[in-house]
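What follows is one structure encoded as structure tokens, with my remarks underneath.
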Amino acid sequence: MKPLLKSPTKATSLGLWMLLFCAQLLFCNVALGQVKKQVFRADLIKGLDTFMHTVIPNATLMEGDKLMALDEFFRALKKLNPLNNNGDLLVRYAWPPVLPPKPLTGKQFSEKLKSLELKYQEVFTAKDYVGCASNSSSSRGYPCALWTLFHYWTVQNGLPSYPLFPGNVLRTIWNFVKYFYDCPDCVSNFEKMVKRRPIELVKTHDAEILWLWETHNEFNKLTATQFPSANMCPTCRNKDQSWRNDEVLKYLKSLYAEANFSFDGLSTSKGYKIKSL
């Protein structure tokens, strides 16, 4: 099987690559005919590594709504952080709780991050993607890691110890996509979904989990790949192939539970706080 999409090259801008990826979007870690069994913590770490060391540093002056979107992202990350103990501290001090946040450039953020990493080491220890890695059947990488992070957030936000109101994570994700995802068509499509299914109507944590799942599957209609497949979750569909949302919810909560994450691709599992559902 030929790769769906090559990785970005000098002749292909990151923005164009993301646009093409968006048109061929598959659920992370799902090759055709393959059963997804685990989420890899290395993918979350590598994705955050890319965002904090590449995406933000390349930004110009961040102010106004864009700055507030970044502030929302870090506020959510502080509460729903898949990094290790040093990563918790790094994120906390990289983005202090100052309201309103002060405008800054990507270079300023990068310099502060480098300084903090001298003290809080061994945070971004994933050298490569694992479940989101490019392979012979698809090419995923950073966009896949973002989807994985966002699903992880919606599931973790349902835990009793994380008092973010239902819908808060979805608004954070939408603002992130709007200002930090370099794919205009993807942003436009996401905005249309938000208008059709207003986030303001999400009143429970379970509804938040299902909202993102339905949105992700709507992207996947472009490839006729709906998640989870019958092999992945035999109980998730009725006989007429309609969804059984209660079973889908159970599946997602199990899949994105930290206790079920794989540490493949990481040198150690020490230093991580595992939150249980």
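Naming scheme: A, B, ... for chains in displayed order of the structure tokens; residues 1 onward per chain; ligands 1 onward as shown.
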I'd like the contact shell of Ala126 (chain A) - 12 Å cut-off, only C-alpha atoms, skipping same-chain residues fewer than 4 positions apart - returned as a short mmCIF file (atom, residue, chain, number, x, y, z; two decimals) with N, CA and C atoms, in the first residue's frame.
```
data_model
loop_
_atom_site.label_atom_id
_atom_site.label_comp_id
_atom_site.auth_asym_id
_atom_site.auth_seq_id
_atom_site.Cartn_x
_atom_site.Cartn_y
_atom_site.Cartn_z
N PHE A 40 0.05 5.78 23.14
CA PHE A 40 1.45 5.83 23.53
C PHE A 40 1.76 7.19 24.14
N ARG A 41 2.26 7.17 25.36
CA ARG A 41 2.61 8.42 26.04
C ARG A 41 3.68 9.18 25.26
N ALA A 42 4.53 8.45 24.57
CA ALA A 42 5.58 9.09 23.77
C ALA A 42 5.00 10.03 22.72
N ASP A 43 3.84 9.69 22.17
CA ASP A 43 3.21 10.55 21.16
C ASP A 43 2.77 11.88 21.77
N LEU A 44 2.22 11.83 22.98
CA LEU A 44 1.81 13.05 23.67
C LEU A 44 3.01 13.93 23.97
N ILE A 45 4.09 13.31 24.44
CA ILE A 45 5.30 14.05 24.80
C ILE A 45 5.93 14.67 23.56
N LYS A 46 6.03 13.89 22.50
CA LYS A 46 6.63 14.40 21.27
C LYS A 46 5.80 15.53 20.67
N GLY A 47 4.48 15.42 20.74
CA GLY A 47 3.62 16.48 20.23
C GLY A 47 3.79 17.77 21.00
N LEU A 48 3.83 17.69 22.33
CA LEU A 48 4.04 18.88 23.15
C LEU A 48 5.44 19.44 22.94
N ASP A 49 6.40 18.57 22.73
CA ASP A 49 7.77 18.99 22.42
C ASP A 49 7.77 19.85 21.15
N THR A 50 7.09 19.38 20.12
CA THR A 50 7.02 20.13 18.86
C THR A 50 6.32 21.47 19.05
N LEU A 83 2.90 14.97 30.93
CA LEU A 83 4.35 14.94 31.13
C LEU A 83 4.69 14.40 32.51
N ASN A 84 5.97 14.19 32.77
CA ASN A 84 6.40 13.67 34.06
C ASN A 84 6.43 14.79 35.11
N GLU A 122 15.10 16.20 31.51
CA GLU A 122 14.50 14.91 31.18
C GLU A 122 12.97 14.97 31.10
N VAL A 130 5.52 7.08 18.14
CA VAL A 130 5.36 5.62 18.15
C VAL A 130 4.06 5.26 17.43
N ALA A 133 3.70 7.49 14.43
CA ALA A 133 4.85 7.53 13.53
C ALA A 133 4.42 7.34 12.08
N PHE A 263 4.31 2.82 27.56
CA PHE A 263 5.53 3.61 27.71
C PHE A 263 6.55 3.25 26.63
N ASP A 264 6.14 2.53 25.61
CA ASP A 264 7.03 2.23 24.49
C ASP A 264 7.54 3.54 23.90
N GLY A 265 8.82 3.58 23.59
CA GLY A 265 9.42 4.79 23.04
C GLY A 265 10.01 5.70 24.09
N LEU A 266 9.83 5.36 25.36
CA LEU A 266 10.41 6.13 26.46
C LEU A 266 11.39 5.24 27.22
N SER A 267 12.43 5.84 27.76
CA SER A 267 13.46 5.07 28.45
C SER A 267 13.02 4.59 29.82
N THR A 268 12.04 5.27 30.42
CA THR A 268 11.59 4.89 31.76
C THR A 268 10.13 5.30 31.97
N SER A 269 9.48 4.61 32.87
CA SER A 269 8.12 4.97 33.26
C SER A 269 8.11 5.68 34.61
#
```
Considering only C-alpha atoms, tabulate each residue of region 118-148 of chain A that lies at most 12 Å from region 91-100 of chain A along with its nearest interatomic pair and the corresponding distance in Å to one decimal; arrange the rows by chain and ascending residue number and present them as JSON lines.
```
{"residue": "A:Lys119", "atom": "CA", "partner": "A:Tyr93", "partner_atom": "CA", "distance": 11.1}
{"residue": "A:Tyr120", "atom": "CA", "partner": "A:Val91", "partner_atom": "CA", "distance": 9.9}
{"residue": "A:Val123", "atom": "CA", "partner": "A:Val91", "partner_atom": "CA", "distance": 10.2}
{"residue": "A:Phe124", "atom": "CA", "partner": "A:Val91", "partner_atom": "CA", "distance": 11.7}
```
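We find CA of Asn231 (chain A) and CA of Tyr142 (chain A) to be spaced 26.0 Å apart.
Counting only C-alpha atoms and comparing A:Met62, A:His151, A:Gln121, A:Leu90, the residue that lies closest to Gln108 (chain A) is A:Met62.
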Inset, instruction - Using DSSP on the backbone, list every residue of region 20-204 of chain A that comes out as helix (DSSP H, G or I), and give them as a VMD selection string. - result: chain A and resid 20 to 23 41 to 55 64 to 79 85 to 94 106 to 117 142 to 156 168 to 180 184 to 196 199 to 201
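The shortest atom-to-atom distance to Gly167 (chain A), with only C-alpha atoms taken into account, belongs to A:Ala76 out of A:Leu113, A:Ala76, A:Asp240, A:Asn85.
A straight line drawn from CA of Pro103 (chain A) to CA of Lys192 (chain A) is 29.4 Å long.
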Legend entry - Atomic distance CA of Leu210 (chain A) - CA of Lys178 (chain A), expressed in Å with one decimal: 20.8 Å
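Taking only C-alpha atoms into account, Ile209 (chain A) lies nearest to A:Val155 out of the set A:Val155, A:Leu255, A:Cys233, A:Val55.
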Legend entry - For Leu212 (chain A): contacts at 10 Å, only C-alpha atoms, fewer than 2 positions along chain excluded, given as a PyMOL selection string: chain A and resi 147+150-151+154+169-170+173+207-210+214-218
Legend entry - region 56-273 of chain A: residues DSSP assigns to strand (DSSP E or B), reported as a ChimeraX atom specification: /A:62,104,237,243,262
Next, dump the selected residues to file, keeping only C-alpha atoms, as an mmCIF file, in the first residue's frame.
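So the final result, stored in selection_20.cif, reads:
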```
data_model
loop_
_atom_site.group_PDB
_atom_site.id
_atom_site.type_symbol
_atom_site.label_atom_id
_atom_site.label_comp_id
_atom_site.auth_asym_id
_atom_site.auth_seq_id
_atom_site.Cartn_x
_atom_site.Cartn_y
_atom_site.Cartn_z
ATOM 1 C CA MET A 62 1.454 37.118 20.519
ATOM 2 C CA LEU A 104 5.391 38.212 24.155
ATOM 3 C CA ARG A 237 -22.547 -0.387 16.962
ATOM 4 C CA TRP A 243 -23.598 4.101 17.048
ATOM 5 C CA SER A 262 2.050 2.381 26.796
#
```
Neighbour list for Phe73 (chain A) as a PDB file with C-alpha atoms, in the first residue's frame, cut-off 8 Å, only C-alpha atoms, skip fewer than 3 positions in-chain:
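The resulting file, selection-v2.pdb, is reproduced below:
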```
ATOM      1  CA  ALA A  69      -5.760  31.236  23.308  1.00  0.00           C
ATOM      2  CA  LEU A  70      -2.227  30.330  24.357  1.00  0.00           C
ATOM      3  CA  ALA A  76      -5.587  23.362  30.593  1.00  0.00           C
ATOM      4  CA  LEU A  77      -2.182  21.717  30.249  1.00  0.00           C
ATOM      5  CA  THR A 172      -9.580  25.662  24.555  1.00  0.00           C
ATOM      6  CA  ILE A 173      -9.144  23.219  21.685  1.00  0.00           C
ATOM      7  CA  PHE A 176      -5.922  26.572  19.779  1.00  0.00           C
TER       8      PHE A 176
END
```
Inset, instruction - Would you list the contacts of Glu200 (chain A) as a PyMOL selection string, taking every protein, DNA or RNA residue within 10 Å and counting only C-alpha atoms, but skipping same-chain residues closer than 2 positions in sequence? - result: chain A and resi 166-168+170-171+194+197-198+202-203
